[in-house]
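Novice: My structure is stored as upload28.pdb, with PDB, C-alpha atoms and all ligand atoms.
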MODEL        1
ATOM      1  CA  MET C   1      28.664  13.991  -0.851
ATOM      2  CA  ALA C   2      29.488  16.190  -3.861
ATOM      3  CA  LYS C   3      28.832  14.650  -7.243
ATOM      4  CA  TRP C   4      31.768  13.747  -9.463
ATOM      5  CA  GLU C   5      30.911  15.788 -12.514
ATOM      6  CA  LEU C   6      31.980  18.451 -14.967
ATOM      7  CA  ARG C   7      29.602  21.414 -15.006
ATOM      8  CA  ASP C   8      28.827  23.997 -17.645
ATOM      9  CA  TYR C   9      30.394  26.746 -15.566
ATOM     10  CA  ASP C  10      33.663  24.742 -15.378
ATOM     11  CA  ARG C  11      33.703  24.551 -19.184
ATOM     12  CA  GLU C  12      32.903  28.242 -19.536
ATOM     13  CA  PHE C  13      35.602  29.144 -17.034
ATOM     14  CA  PHE C  14      38.250  27.213 -18.934
ATOM     15  CA  ALA C  15      37.192  28.694 -22.266
ATOM     16  CA  LYS C  16      37.231  32.232 -20.922
ATOM     17  CA  HIS C  17      40.257  32.251 -18.612
ATOM     18  CA  LEU C  18      42.535  29.316 -19.395
ATOM     19  CA  ASP C  19      42.212  28.170 -22.999
ATOM     20  CA  SER C  20      44.670  30.752 -24.267
ATOM     21  CA  PHE C  21      47.097  29.994 -21.418
ATOM     22  CA  VAL C  22      47.455  26.186 -21.315
ATOM     23  CA  PRO C  23      49.796  24.818 -24.050
ATOM     24  CA  ARG C  24      48.675  22.087 -26.455
ATOM     25  CA  GLU C  25      51.117  19.444 -25.206
ATOM     26  CA  ILE C  26      51.489  19.084 -21.468
ATOM     27  CA  PHE C  27      53.118  16.828 -18.902
ATOM     28  CA  ASP C  28      51.455  16.239 -15.559
ATOM     29  CA  ALA C  29      54.243  15.796 -12.998
ATOM     30  CA  HIS C  30      51.986  14.736 -10.117
ATOM     31  CA  ALA C  31      48.984  12.472 -10.650
ATOM     32  CA  HIS C  32      47.618   9.346  -9.001
ATOM     33  CA  LEU C  33      46.319   6.147 -10.625
ATOM     34  CA  TYR C  34      44.426   3.663  -8.459
ATOM     35  CA  GLU C  35      41.628   1.296  -7.711
ATOM     36  CA  LEU C  36      39.401   2.613  -4.936
ATOM     37  CA  SER C  37      40.337  -0.340  -2.727
ATOM     38  CA  HIS C  38      43.957   0.892  -2.656
ATOM     39  CA  TRP C  39      42.952   3.835  -0.459
ATOM     40  CA  GLY C  40      42.094   1.346   2.254
ATOM     41  CA  ARG C  41      39.289   3.540   3.594
ATOM     42  CA  PRO C  42      36.236   5.413   2.315
ATOM     43  CA  THR C  43      37.138   8.787   0.795
ATOM     44  CA  ALA C  44      35.441  11.585  -1.120
ATOM     45  CA  LEU C  45      36.883   9.933  -4.222
ATOM     46  CA  ASP C  46      34.412   7.076  -3.880
ATOM     47  CA  GLN C  47      32.175   9.199  -6.119
ATOM     48  CA  GLY C  48      34.801   9.096  -8.858
ATOM     49  CA  PRO C  49      35.891   6.398 -11.297
ATOM     50  CA  ASP C  50      37.085   2.957 -10.236
ATOM     51  CA  PRO C  51      39.594   1.952 -11.427
ATOM     52  CA  ALA C  52      41.401   5.156 -12.349
ATOM     53  CA  THR C  53      43.576   3.673 -15.095
ATOM     54  CA  LEU C  54      45.828   5.634 -17.459
ATOM     55  CA  ASP C  55      43.033   5.681 -20.056
ATOM     56  CA  VAL C  56      40.521   6.901 -17.487
ATOM     57  CA  PHE C  57      42.984   9.564 -16.361
ATOM     58  CA  ARG C  58      43.290  10.783 -19.952
ATOM     59  CA  GLU C  59      39.517  11.034 -20.274
ATOM     60  CA  GLN C  60      39.187  12.739 -16.917
ATOM     61  CA  ILE C  61      42.000  15.251 -17.368
ATOM     62  CA  GLU C  62      39.965  16.635 -20.272
ATOM     63  CA  TRP C  63      37.782  18.233 -17.587
ATOM     64  CA  ILE C  64      40.523  20.689 -16.608
ATOM     65  CA  THR C  65      42.703  20.750 -19.747
ATOM     66  CA  PRO C  66      40.330  19.962 -22.638
ATOM     67  CA  GLY C  67      41.830  19.055 -25.989
ATOM     68  CA  ARG C  68      45.402  18.868 -24.678
ATOM     69  CA  GLN C  69      47.752  15.967 -25.251
ATOM     70  CA  THR C  70      48.860  14.825 -21.813
ATOM     71  CA  SER C  71      51.636  12.562 -20.543
ATOM     72  CA  GLY C  72      52.639  12.292 -16.956
ATOM     73  CA  LEU C  73      54.432  11.058 -13.889
ATOM     74  CA  PHE C  74      52.128   8.818 -11.874
ATOM     75  CA  PHE C  75      52.050   7.193  -8.483
ATOM     76  CA  GLY C  76      49.628   5.144  -6.453
ATOM     77  CA  VAL C  77      47.673   5.958  -3.311
ATOM     78  CA  GLY C  78      47.091   4.588   0.165
ATOM     79  CA  PHE C  79      50.338   5.297   1.928
ATOM     80  CA  HIS C  80      50.215   2.402   4.359
ATOM     81  CA  ALA C  81      51.132  -1.263   4.656
ATOM     82  CA  GLY C  82      50.090  -3.150   1.543
ATOM     83  CA  SER C  83      51.094  -0.342  -0.806
ATOM     84  CA  ASP C  84      52.687  -2.773  -3.254
ATOM     85  CA  GLU C  85      49.242  -3.613  -4.612
ATOM     86  CA  SER C  86      48.989   0.040  -5.606
ATOM     87  CA  ASN C  87      52.547  -0.053  -7.002
ATOM     88  CA  ASP C  88      51.678  -3.129  -9.095
ATOM     89  CA  PHE C  89      48.692  -1.307 -10.561
ATOM     90  CA  VAL C  90      50.644   1.841 -11.462
ATOM     91  CA  GLU C  91      53.482  -0.230 -12.917
ATOM     92  CA  ARG C  92      51.057  -2.077 -15.214
ATOM     93  CA  GLU C  93      49.309   1.094 -16.346
ATOM     94  CA  VAL C  94      52.426   3.146 -17.006
ATOM     95  CA  ALA C  95      54.079   0.272 -18.905
ATOM     96  CA  LYS C  96      51.453   0.848 -21.624
ATOM     97  CA  ASP C  97      52.872   4.230 -22.645
ATOM     98  CA  LYS C  98      56.532   5.084 -23.151
ATOM     99  CA  THR C  99      55.880   8.808 -22.648
ATOM    100  CA  CYS C 100      54.746   8.205 -19.056
ATOM    101  CA  PHE C 101      56.732   7.615 -15.870
ATOM    102  CA  ALA C 102      56.027   6.077 -12.468
ATOM    103  CA  HIS C 103      57.157   6.552  -8.897
ATOM    104  CA  TYR C 104      57.311   3.776  -6.340
ATOM    105  CA  LEU C 105      55.367   4.261  -3.070
ATOM    106  CA  THR C 106      58.176   3.785  -0.590
ATOM    107  CA  PRO C 107      57.649   2.891   3.078
ATOM    108  CA  PRO C 108      60.497   4.323   5.189
ATOM    109  CA  THR C 109      61.127   0.929   6.766
ATOM    110  CA  MET C 110      62.013  -0.740   3.477
ATOM    111  CA  ASP C 111      65.430  -2.374   3.091
ATOM    112  CA  PRO C 112      67.479  -0.089   0.793
ATOM    113  CA  GLU C 113      68.735  -2.864  -1.477
ATOM    114  CA  ALA C 114      65.215  -4.267  -1.787
ATOM    115  CA  LEU C 115      64.114  -0.788  -2.806
ATOM    116  CA  ARG C 116      66.814  -0.595  -5.474
ATOM    117  CA  GLU C 117      65.757  -3.982  -6.789
ATOM    118  CA  GLN C 118      62.050  -3.063  -6.876
ATOM    119  CA  VAL C 119      62.588   0.228  -8.679
ATOM    120  CA  ARG C 120      64.866  -1.409 -11.284
ATOM    121  CA  ARG C 121      62.610  -4.395 -11.852
ATOM    122  CA  ARG C 122      59.528  -2.212 -12.192
ATOM    123  CA  ASN C 123      61.326   0.324 -14.385
ATOM    124  CA  MET C 124      60.256   3.193 -12.161
ATOM    125  CA  ALA C 125      61.691   6.692 -12.427
ATOM    126  CA  GLY C 126      61.733   7.374  -8.724
ATOM    127  CA  LEU C 127      60.119   7.307  -5.318
ATOM    128  CA  LYS C 128      56.976   8.728  -3.748
ATOM    129  CA  VAL C 129      57.278   9.054  -0.005
ATOM    130  CA  TYR C 130      54.573  10.106   2.431
ATOM    131  CA  HIS C 131      54.312  10.892   6.117
ATOM    132  CA  SER C 132      51.339   8.599   6.749
ATOM    133  CA  PHE C 133      53.613   5.580   6.344
ATOM    134  CA  ILE C 134      54.796   6.487   9.849
ATOM    135  CA  THR C 135      52.786   4.427  12.314
ATOM    136  CA  GLY C 136      52.140   4.687  16.027
ATOM    137  CA  LYS C 137      52.062   8.487  16.296
ATOM    138  CA  PRO C 138      50.580  11.529  14.565
ATOM    139  CA  SER C 139      52.678  12.210  11.493
ATOM    140  CA  TRP C 140      51.709  15.798  10.533
ATOM    141  CA  THR C 141      54.702  17.147  12.449
ATOM    142  CA  ALA C 142      57.199  14.506  11.327
ATOM    143  CA  ASP C 143      60.756  15.353  10.356
ATOM    144  CA  ILE C 144      61.460  14.743   6.672
ATOM    145  CA  GLY C 145      64.080  12.169   7.651
ATOM    146  CA  GLU C 146      61.431  10.024   9.322
ATOM    147  CA  PHE C 147      59.564   9.315   6.087
ATOM    148  CA  LEU C 148      62.332   9.966   3.544
ATOM    149  CA  VAL C 149      65.173   8.066   5.173
ATOM    150  CA  GLU C 150      68.786   8.813   4.278
ATOM    151  CA  GLU C 151      69.521   5.299   3.001
ATOM    152  CA  HIS C 152      66.724   5.700   0.453
ATOM    153  CA  VAL C 153      68.117   9.073  -0.591
ATOM    154  CA  ARG C 154      71.453   7.340  -1.163
ATOM    155  CA  ILE C 155      69.774   4.768  -3.418
ATOM    156  CA  ALA C 156      68.021   7.605  -5.283
ATOM    157  CA  HIS C 157      71.405   9.307  -5.737
ATOM    158  CA  GLU C 158      73.093   6.153  -7.027
ATOM    159  CA  GLU C 159      70.218   5.279  -9.373
ATOM    160  CA  ARG C 160      69.552   8.916 -10.390
ATOM    161  CA  LEU C 161      65.947   8.790  -9.245
ATOM    162  CA  THR C 162      63.413  11.556  -8.735
ATOM    163  CA  VAL C 163      61.741  11.696  -5.306
ATOM    164  CA  THR C 164      58.360  13.352  -4.739
ATOM    165  CA  LEU C 165      58.195  14.758  -1.222
ATOM    166  CA  HIS C 166      55.165  16.346   0.435
ATOM    167  CA  MET C 167      56.815  17.847   3.499
ATOM    168  CA  VAL C 168      54.822  18.438   6.672
ATOM    169  CA  LYS C 169      55.140  20.443   9.950
ATOM    170  CA  ASP C 170      52.957  23.507  10.548
ATOM    171  CA  ARG C 171      54.994  26.026   8.569
ATOM    172  CA  ALA C 172      56.411  23.636   5.924
ATOM    173  CA  MET C 173      59.152  25.404   3.898
ATOM    174  CA  ALA C 174      59.477  28.080   6.597
ATOM    175  CA  GLU C 175      60.539  25.479   9.179
ATOM    176  CA  THR C 176      64.291  25.432   9.779
ATOM    177  CA  ALA C 177      64.275  21.663  10.325
ATOM    178  CA  ASN C 178      62.757  21.096   6.876
ATOM    179  CA  GLN C 179      65.147  23.531   5.203
ATOM    180  CA  GLU C 180      68.197  21.941   6.803
ATOM    181  CA  ARG C 181      67.169  18.412   5.935
ATOM    182  CA  ILE C 182      66.485  19.258   2.283
ATOM    183  CA  VAL C 183      69.773  21.148   1.904
ATOM    184  CA  HIS C 184      71.671  18.292   3.571
ATOM    185  CA  PHE C 185      70.152  15.622   1.322
ATOM    186  CA  CYS C 186      70.543  17.633  -1.876
ATOM    187  CA  ARG C 187      74.186  18.568  -1.231
ATOM    188  CA  LYS C 188      75.297  15.140  -0.056
ATOM    189  CA  TYR C 189      73.366  13.241  -2.763
ATOM    190  CA  PRO C 190      73.494  15.356  -5.944
ATOM    191  CA  GLY C 191      72.312  12.443  -8.135
ATOM    192  CA  MET C 192      68.961  12.415  -6.304
ATOM    193  CA  LYS C 193      66.388  14.766  -7.841
ATOM    194  CA  LEU C 194      63.946  16.120  -5.300
ATOM    195  CA  ILE C 195      60.453  17.299  -6.256
ATOM    196  CA  LEU C 196      58.789  19.330  -3.516
ATOM    197  CA  ALA C 197      55.085  18.654  -3.938
ATOM    198  CA  HIS C 198      52.435  21.381  -3.718
ATOM    199  CA  ALA C 199      54.826  24.272  -4.360
ATOM    200  CA  ALA C 200      57.018  23.146  -1.456
ATOM    201  CA  ARG C 201      53.742  22.591   0.408
ATOM    202  CA  GLY C 202      52.900  26.208  -0.098
ATOM    203  CA  PHE C 203      49.173  25.847   0.574
ATOM    204  CA  ASN C 204      49.807  28.930   2.650
ATOM    205  CA  PRO C 205      52.030  30.775   0.131
ATOM    206  CA  TYR C 206      53.714  32.827   2.846
ATOM    207  CA  HIS C 207      55.473  29.710   4.126
ATOM    208  CA  THR C 208      57.124  29.099   0.758
ATOM    209  CA  ILE C 209      57.795  32.808   0.227
ATOM    210  CA  GLU C 210      59.505  32.954   3.617
ATOM    211  CA  GLY C 211      61.526  29.753   3.366
ATOM    212  CA  ILE C 212      62.385  28.984  -0.251
ATOM    213  CA  GLY C 213      65.492  31.182  -0.151
ATOM    214  CA  ALA C 214      67.167  28.475   1.946
ATOM    215  CA  LEU C 215      67.251  26.304  -1.215
ATOM    216  CA  LYS C 216      68.670  28.950  -3.539
ATOM    217  CA  GLY C 217      71.425  27.580  -5.743
ATOM    218  CA  LEU C 218      70.518  23.892  -5.346
ATOM    219  CA  ARG C 219      70.354  22.314  -8.816
ATOM    220  CA  ASN C 220      68.608  19.088  -7.853
ATOM    221  CA  VAL C 221      65.369  20.579  -6.469
ATOM    222  CA  TRP C 222      62.094  21.149  -8.335
ATOM    223  CA  CYS C 223      58.623  22.117  -7.122
ATOM    224  CA  ASP C 224      55.328  20.913  -8.535
ATOM    225  CA  THR C 225      52.213  23.089  -8.661
ATOM    226  CA  SER C 226      49.768  20.356  -7.682
ATOM    227  CA  ALA C 227      46.565  21.370  -5.882
ATOM    228  CA  VAL C 228      47.899  24.795  -4.926
ATOM    229  CA  THR C 229      45.250  27.437  -5.553
ATOM    230  CA  GLU C 230      47.119  30.650  -4.712
ATOM    231  CA  ALA C 231      49.807  32.268  -6.850
ATOM    232  CA  GLY C 232      52.366  33.547  -4.333
ATOM    233  CA  ALA C 233      54.318  30.342  -3.841
ATOM    234  CA  PHE C 234      54.689  29.817  -7.604
ATOM    235  CA  GLU C 235      56.081  33.333  -8.003
ATOM    236  CA  ALA C 236      58.536  32.846  -5.133
ATOM    237  CA  ILE C 237      59.796  29.553  -6.589
ATOM    238  CA  VAL C 238      60.449  31.016 -10.045
ATOM    239  CA  ASP C 239      61.928  34.186  -8.584
ATOM    240  CA  THR C 240      64.234  32.403  -6.151
ATOM    241  CA  LEU C 241      65.090  29.024  -7.711
ATOM    242  CA  GLY C 242      64.574  29.842 -11.381
ATOM    243  CA  LEU C 243      61.953  29.193 -14.045
ATOM    244  CA  ASP C 244      63.309  25.710 -14.821
ATOM    245  CA  ARG C 245      62.468  24.549 -11.273
ATOM    246  CA  LEU C 246      58.655  24.736 -11.531
ATOM    247  CA  VAL C 247      56.645  21.837 -13.000
ATOM    248  CA  TRP C 248      52.901  21.650 -13.482
ATOM    249  CA  GLY C 249      51.012  18.890 -11.713
ATOM    250  CA  SER C 250      47.280  18.266 -11.350
ATOM    251  CA  ASP C 251      47.259  15.999  -8.285
ATOM    252  CA  TYR C 252      44.497  14.061 -10.045
ATOM    253  CA  PRO C 253      42.063  13.026  -8.472
ATOM    254  CA  VAL C 254      42.271  15.977  -6.053
ATOM    255  CA  SER C 255      42.047  18.209  -9.152
ATOM    256  CA  HIS C 256      38.534  16.888  -9.701
ATOM    257  CA  MET C 257      37.191  17.723  -6.280
ATOM    258  CA  ARG C 258      35.432  21.036  -5.982
ATOM    259  CA  GLY C 259      36.619  23.884  -3.799
ATOM    260  CA  ARG C 260      39.742  25.787  -2.923
ATOM    261  CA  CYS C 261      42.573  25.939  -0.398
ATOM    262  CA  VAL C 262      43.134  29.328   1.209
ATOM    263  CA  ALA C 263      45.753  30.792   3.483
ATOM    264  CA  ILE C 264      44.307  31.947   6.763
ATOM    265  CA  GLY C 265      46.490  33.324   9.529
ATOM    266  CA  ASP C 266      49.592  31.179   9.722
ATOM    267  CA  THR C 267      47.933  28.066   8.320
ATOM    268  CA  PHE C 268      45.603  27.040   5.512
ATOM    269  CA  VAL C 269      42.108  25.626   5.173
ATOM    270  CA  TRP C 270      40.474  23.531   2.460
ATOM    271  CA  PHE C 271      36.956  24.606   1.559
ATOM    272  CA  TYR C 272      35.075  21.935  -0.348
ATOM    273  CA  GLU C 273      31.709  22.352  -1.991
ATOM    274  CA  ASP C 274      29.953  20.165   0.526
ATOM    275  CA  SER C 275      31.905  21.144   3.637
ATOM    276  CA  VAL C 276      30.730  24.745   3.749
ATOM    277  CA  ASP C 277      27.288  26.342   3.980
ATOM    278  CA  TRP C 278      27.899  28.734   1.093
ATOM    279  CA  LYS C 279      24.540  30.484   1.468
ATOM    280  CA  ALA C 280      25.235  31.362   5.088
ATOM    281  CA  LEU C 281      28.794  32.399   4.253
ATOM    282  CA  ALA C 282      28.077  34.502   1.183
ATOM    283  CA  GLY C 283      24.585  35.972   1.215
ATOM    284  CA  HIS C 284      25.590  38.507  -1.438
ATOM    285  CA  ALA C 285      26.347  36.045  -4.195
ATOM    286  CA  LYS C 286      25.703  32.618  -5.624
ATOM    287  CA  VAL C 287      28.910  30.689  -5.013
ATOM    288  CA  GLU C 288      29.767  28.116  -7.670
ATOM    289  CA  PRO C 289      32.911  26.342  -6.500
ATOM    290  CA  LEU C 290      35.157  25.250  -9.373
ATOM    291  CA  LEU C 291      37.157  22.087  -9.785
ATOM    292  CA  ILE C 292      40.354  22.448  -7.756
ATOM    293  CA  GLY C 293      42.402  21.755 -10.887
ATOM    294  CA  LEU C 294      40.899  24.814 -12.564
ATOM    295  CA  GLU C 295      41.538  26.967  -9.502
ATOM    296  CA  SER C 296      45.154  25.829  -9.534
ATOM    297  CA  LEU C 297      45.551  26.623 -13.241
ATOM    298  CA  ARG C 298      44.141  30.099 -12.652
ATOM    299  CA  ALA C 299      46.653  30.668  -9.832
ATOM    300  CA  LEU C 300      49.472  29.526 -12.120
ATOM    301  CA  LYS C 301      48.258  31.893 -14.825
ATOM    302  CA  LEU C 302      48.253  34.769 -12.356
ATOM    303  CA  ALA C 303      51.842  33.957 -11.352
ATOM    304  CA  ALA C 304      52.859  33.734 -15.021
ATOM    305  CA  MET C 305      51.296  37.132 -15.705
ATOM    306  CA  ARG C 306      52.958  38.781 -12.715
ATOM    307  CA  LEU C 307      56.319  37.242 -13.692
ATOM    308  CA  ARG C 308      55.754  38.294 -17.332
ATOM    309  CA  LEU C 309      56.548  34.798 -18.604
ATOM    310  CA  THR C 310      56.693  34.305 -22.363
ATOM    311  CA  ASP C 311      54.707  31.555 -24.117
ATOM    312  CA  SER C 312      57.785  29.372 -24.377
ATOM    313  CA  GLN C 313      58.493  29.822 -20.657
ATOM    314  CA  VAL C 314      54.921  28.760 -19.890
ATOM    315  CA  GLU C 315      55.458  25.700 -22.101
ATOM    316  CA  SER C 316      58.532  24.868 -20.024
ATOM    317  CA  VAL C 317      56.500  24.833 -16.834
ATOM    318  CA  PHE C 318      53.825  22.673 -18.433
ATOM    319  CA  ARG C 319      56.189  20.124 -19.968
ATOM    320  CA  ASP C 320      59.840  20.734 -20.817
ATOM    321  CA  ASN C 321      61.073  21.306 -17.254
ATOM    322  CA  ALA C 322      59.635  17.972 -16.158
ATOM    323  CA  LEU C 323      61.035  16.090 -19.145
ATOM    324  CA  ARG C 324      64.503  17.486 -18.490
ATOM    325  CA  MET C 325      64.184  16.638 -14.804
ATOM    326  CA  LEU C 326      63.310  13.021 -15.637
ATOM    327  CA  GLU C 327      66.288  12.475 -17.958
ATOM    328  CA  ARG C 328      68.623   9.872 -16.432
TER     329      ARG C 328
HETATM  330 ZN    ZN C 401      49.177  13.846  -4.632
ENDMDL
END
Please rewrite the model in this file as structure tokens.
Ligand SMILES: [Zn+2]
Specialist:
Amino acid sequence: MAKWELRDYDREFFAKHLDSFVPREIFDAHAHLYELSHWGRPTALDQGPDPATLDVFREQIEWITPGRQTSGLFFGVGFHAGSDESNDFVEREVAKDKTCFAHYLTPPTMDPEALREQVRRRNMAGLKVYHSFITGKPSWTADIGEFLVEEHVRIAHEERLTVTLHMVKDRAMAETANQERIVHFCRKYPGMKLILAHAARGFNPYHTIEGIGALKGLRNVWCDTSAVTEAGAFEAIVDTLGLDRLVWGSDYPVSHMRGRCVAIGDTFVWFYEDSVDWKALAGHAKVEPLLIGLESLRALKLAAMRLRLTDSQVESVFRDNALRMLER
């Protein structure tokens, strides 16, 4: 199991490639706070801190954005029955800092009025839905409507909530069913603000490049950059939806794992430090896999360069877009 650590070459990489790019004040629009027990199963994160409180997050985020002042939008983990323990934890942590926001882990089976009551009582900014709440069948091909149910979208519309959605199906944004569902929800419920996680799940950027045009003109859709390590999807989002639609996110703790996600054929593969025999794969070079959060920042920098973004536009992606999105 890979060690949970910051290495000299991570520090050198940031200093050389990212220090002049990342603004001083940033807002992380996609990060998780948790106790390890909330995952409900052993994970690679068992090597990391427990609990991952807001204070711990702020210490840890220094690994990928050293010296920056960071606020954020946080949610729990463990998208299964019993998720309210995780919600309780995030609620307590986020209550400590008025510059931070929380999303409520929302099982699709929840009574809509109970959801409204929970979100109000806990002072949460929105909902975090996830396909693994679906039980009894594989959920990687689920329709959006199965794990973000329309009655919850209605509540989000009425309460002006943000909703973080990690869509699934093989081709993600390029799937007609996903496009139609997002357009339907956003048009019918304009008060709901939809955040498409992972650059509209553009781990294979071609999927987002191919499909994002279906959302052109919608004013209640944003995309976060979390854990995406290629630039193409970021460029397509800015090009097609506009600069104000892209928000930086670390996906902490995923940001602190080591490796990279790459497009291959019509899908994508995660390479982690300890899941690949790097010597056998790359005899010509010593491979030193970076923290995923650093890889993602480099991809965002590449997109910003190709799009010729100004410093103030980069600042928007790192903070202002998210703050405007969260206004109620
Ligand atoms: Zn996440």
Novice: What are the closest atom pairs, with distances in Å to one decimal, for each residue of chain C lying within 9 Å of ligand ZN 401 (chain C), using all atoms listed in the file, rows by chain and rising residue number, as a tab-separated table?
Specialist:
residue	atom	partner	partner_atom	distance
C:His30	CA	C:ZN401	ZN	6.2
C:Ala31	CA	C:ZN401	ZN	6.2
C:His32	CA	C:ZN401	ZN	6.5
C:Phe75	CA	C:ZN401	ZN	8.2
C:Gly76	CA	C:ZN401	ZN	8.9
C:Val77	CA	C:ZN401	ZN	8.1
C:His166	CA	C:ZN401	ZN	8.2
C:Ala197	CA	C:ZN401	ZN	7.6
C:His198	CA	C:ZN401	ZN	8.3
C:Ser226	CA	C:ZN401	ZN	7.2
C:Ala227	CA	C:ZN401	ZN	8.1
C:Gly249	CA	C:ZN401	ZN	8.9
C:Ser250	CA	C:ZN401	ZN	8.3
C:Asp251	CA	C:ZN401	ZN	4.7
C:Tyr252	CA	C:ZN401	ZN	7.2
C:Pro253	CA	C:ZN401	ZN	8.1
C:Val254	CA	C:ZN401	ZN	7.4
Novice: Could you take the residues named above and write them with C-alpha atoms, as a PDB file, in the frame of the given file?
Specialist:
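Below you can see out-v3.pdb, which holds the result:
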ATOM      1  CA  HIS C  30      51.986  14.736 -10.117  1.00  0.00           C
ATOM      2  CA  ALA C  31      48.984  12.472 -10.650  1.00  0.00           C
ATOM      3  CA  HIS C  32      47.618   9.346  -9.001  1.00  0.00           C
ATOM      4  CA  PHE C  75      52.050   7.193  -8.483  1.00  0.00           C
ATOM      5  CA  GLY C  76      49.628   5.144  -6.453  1.00  0.00           C
ATOM      6  CA  VAL C  77      47.673   5.958  -3.311  1.00  0.00           C
ATOM      7  CA  HIS C 166      55.165  16.346   0.435  1.00  0.00           C
ATOM      8  CA  ALA C 197      55.085  18.654  -3.938  1.00  0.00           C
ATOM      9  CA  HIS C 198      52.435  21.381  -3.718  1.00  0.00           C
ATOM     10  CA  SER C 226      49.768  20.356  -7.682  1.00  0.00           C
ATOM     11  CA  ALA C 227      46.565  21.370  -5.882  1.00  0.00           C
ATOM     12  CA  GLY C 249      51.012  18.890 -11.713  1.00  0.00           C
ATOM     13  CA  SER C 250      47.280  18.266 -11.350  1.00  0.00           C
ATOM     14  CA  ASP C 251      47.259  15.999  -8.285  1.00  0.00           C
ATOM     15  CA  TYR C 252      44.497  14.061 -10.045  1.00  0.00           C
ATOM     16  CA  PRO C 253      42.063  13.026  -8.472  1.00  0.00           C
ATOM     17  CA  VAL C 254      42.271  15.977  -6.053  1.00  0.00           C
TER      18      VAL C 254
END
Novice: Could you list, as a PyMOL selection string, every residue within 8 Å of Phe101 of chain C, counting all atoms listed in the file and ignoring same-chain residues fewer than 5 positions away?
Specialist: chain C and resi 72-74+94+124-125
Novice: Running the PyMOL selection byres (((chain C and resi 110) around 12) and not hetatm) on this model by hand, what would come out? Give it as an MDAnalysis selection string.
Specialist: chainID C and resid 81 83:84 104:109 111:118 129 133 147:152 155
Novice: Measuring between only C-alpha atoms, which one of C:Tyr272, C:Trp140, C:Trp248, C:Tyr34 shows the shortest distance to Phe89 of chain C?
Specialist: C:Tyr34
Novice: With all atoms listed in the file as the atoms that count, which of C:Leu127, C:Ala199, C:Val276, C:Val262 lies nearest to Val163 of chain C?
Specialist: C:Leu127
Novice: Expand the PyMOL selection byres (((chain C and resi 122) around 10) and not hetatm) into the individual residues it matches in the shown file, reporting them as a list in words.
Specialist: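 Applying the expression gives Asn87, Asp88, Val90, Glu91, Arg92, Ala95, Ala102, His103, Tyr104, Glu117, Gln118, Val119, Arg120, Arg121, Asn123, Met124 and Ala125 of chain C.
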Novice: Between atom CA of Gly211 of chain C and atom CA of Met325 of chain C, measure the distance and give it in Å to one decimal.
Specialist: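 So the two atoms, atom CA of Gly211 of chain C and atom CA of Met325 of chain C, lie 22.6 Å apart.
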Novice: What lies within 10 Å of Asp274 of chain C using only C-alpha atoms, ignoring chain neighbours under 5 positions off, as a list in words?
Specialist: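 Here the qualifying residues turn out to be Met1, Ala2, Lys3, Arg258, Gly259 and Pro289 of chain C.
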Novice: Taking (66.9, 8.0, -10.0) in the file's own coordinates, collect the residues within 7 Å, counting all atoms listed in the file, and hand them back as an NGL selection string.
Specialist: :C and (125-126 or 156-157 or 159-162 or 192 or 328)
Novice: Please dump the current selection as a CSV table (one decimal), in the frame of the given file; keep C-alpha atoms.
Specialist:
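The resulting again-v5.csv:
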chain,number,residue,atom,x,y,z
C,125,ALA,CA,61.7,6.7,-12.4
C,126,GLY,CA,61.7,7.4,-8.7
C,156,ALA,CA,68.0,7.6,-5.3
C,157,HIS,CA,71.4,9.3,-5.7
C,159,GLU,CA,70.2,5.3,-9.4
C,160,ARG,CA,69.6,8.9,-10.4
C,161,LEU,CA,65.9,8.8,-9.2
C,162,THR,CA,63.4,11.6,-8.7
C,192,MET,CA,69.0,12.4,-6.3
C,328,ARG,CA,68.6,9.9,-16.4
Novice: So, counting only C-alpha atoms, which residue among C:Asp170, C:Asp224, C:Glu295, C:Glu5 is closest to Ile195 of chain C?
Specialist: C:Asp224
Novice: To verify the selection step, state as a short mmCIF file (atom, residue, chain, number, x, y, z; two decimals) with C-alpha atoms, keeping the file's coordinate frame which residues the PyMOL selection byres (((chain C and resi 50-64) around 6) and not hetatm) yields on this input.
Specialist:
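So part_7.cif came out as:
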data_model
loop_
_atom_site.label_atom_id
_atom_site.label_comp_id
_atom_site.auth_asym_id
_atom_site.auth_seq_id
_atom_site.Cartn_x
_atom_site.Cartn_y
_atom_site.Cartn_z
CA LEU C 33 46.32 6.15 -10.62
CA TYR C 34 44.43 3.66 -8.46
CA GLU C 35 41.63 1.30 -7.71
CA LEU C 36 39.40 2.61 -4.94
CA PRO C 49 35.89 6.40 -11.30
CA THR C 65 42.70 20.75 -19.75
CA PRO C 66 40.33 19.96 -22.64
CA GLU C 93 49.31 1.09 -16.35
CA LEU C 294 40.90 24.81 -12.56
#
Novice: Anything within 9 Å of (49.8, 32.1, 2.8): list those residues as a VMD selection string, counting only C-alpha atoms and sticking to the file's coordinates.
Specialist: chain C and resid 202 to 209 230 232 to 233 262 to 268
Novice: Restricted to C-alpha atoms, what would the selected residues look like written as a short mmCIF file (atom, residue, chain, number, x, y, z; two decimals), keeping the file's coordinate frame?
Specialist:
data_model
loop_
_atom_site.label_atom_id
_atom_site.label_comp_id
_atom_site.auth_asym_id
_atom_site.auth_seq_id
_atom_site.Cartn_x
_atom_site.Cartn_y
_atom_site.Cartn_z
CA GLY C 202 52.90 26.21 -0.10
CA PHE C 203 49.17 25.85 0.57
CA ASN C 204 49.81 28.93 2.65
CA PRO C 205 52.03 30.78 0.13
CA TYR C 206 53.71 32.83 2.85
CA HIS C 207 55.47 29.71 4.13
CA THR C 208 57.12 29.10 0.76
CA ILE C 209 57.80 32.81 0.23
CA GLU C 230 47.12 30.65 -4.71
CA GLY C 232 52.37 33.55 -4.33
CA ALA C 233 54.32 30.34 -3.84
CA VAL C 262 43.13 29.33 1.21
CA ALA C 263 45.75 30.79 3.48
CA ILE C 264 44.31 31.95 6.76
CA GLY C 265 46.49 33.32 9.53
CA ASP C 266 49.59 31.18 9.72
CA THR C 267 47.93 28.07 8.32
CA PHE C 268 45.60 27.04 5.51
#
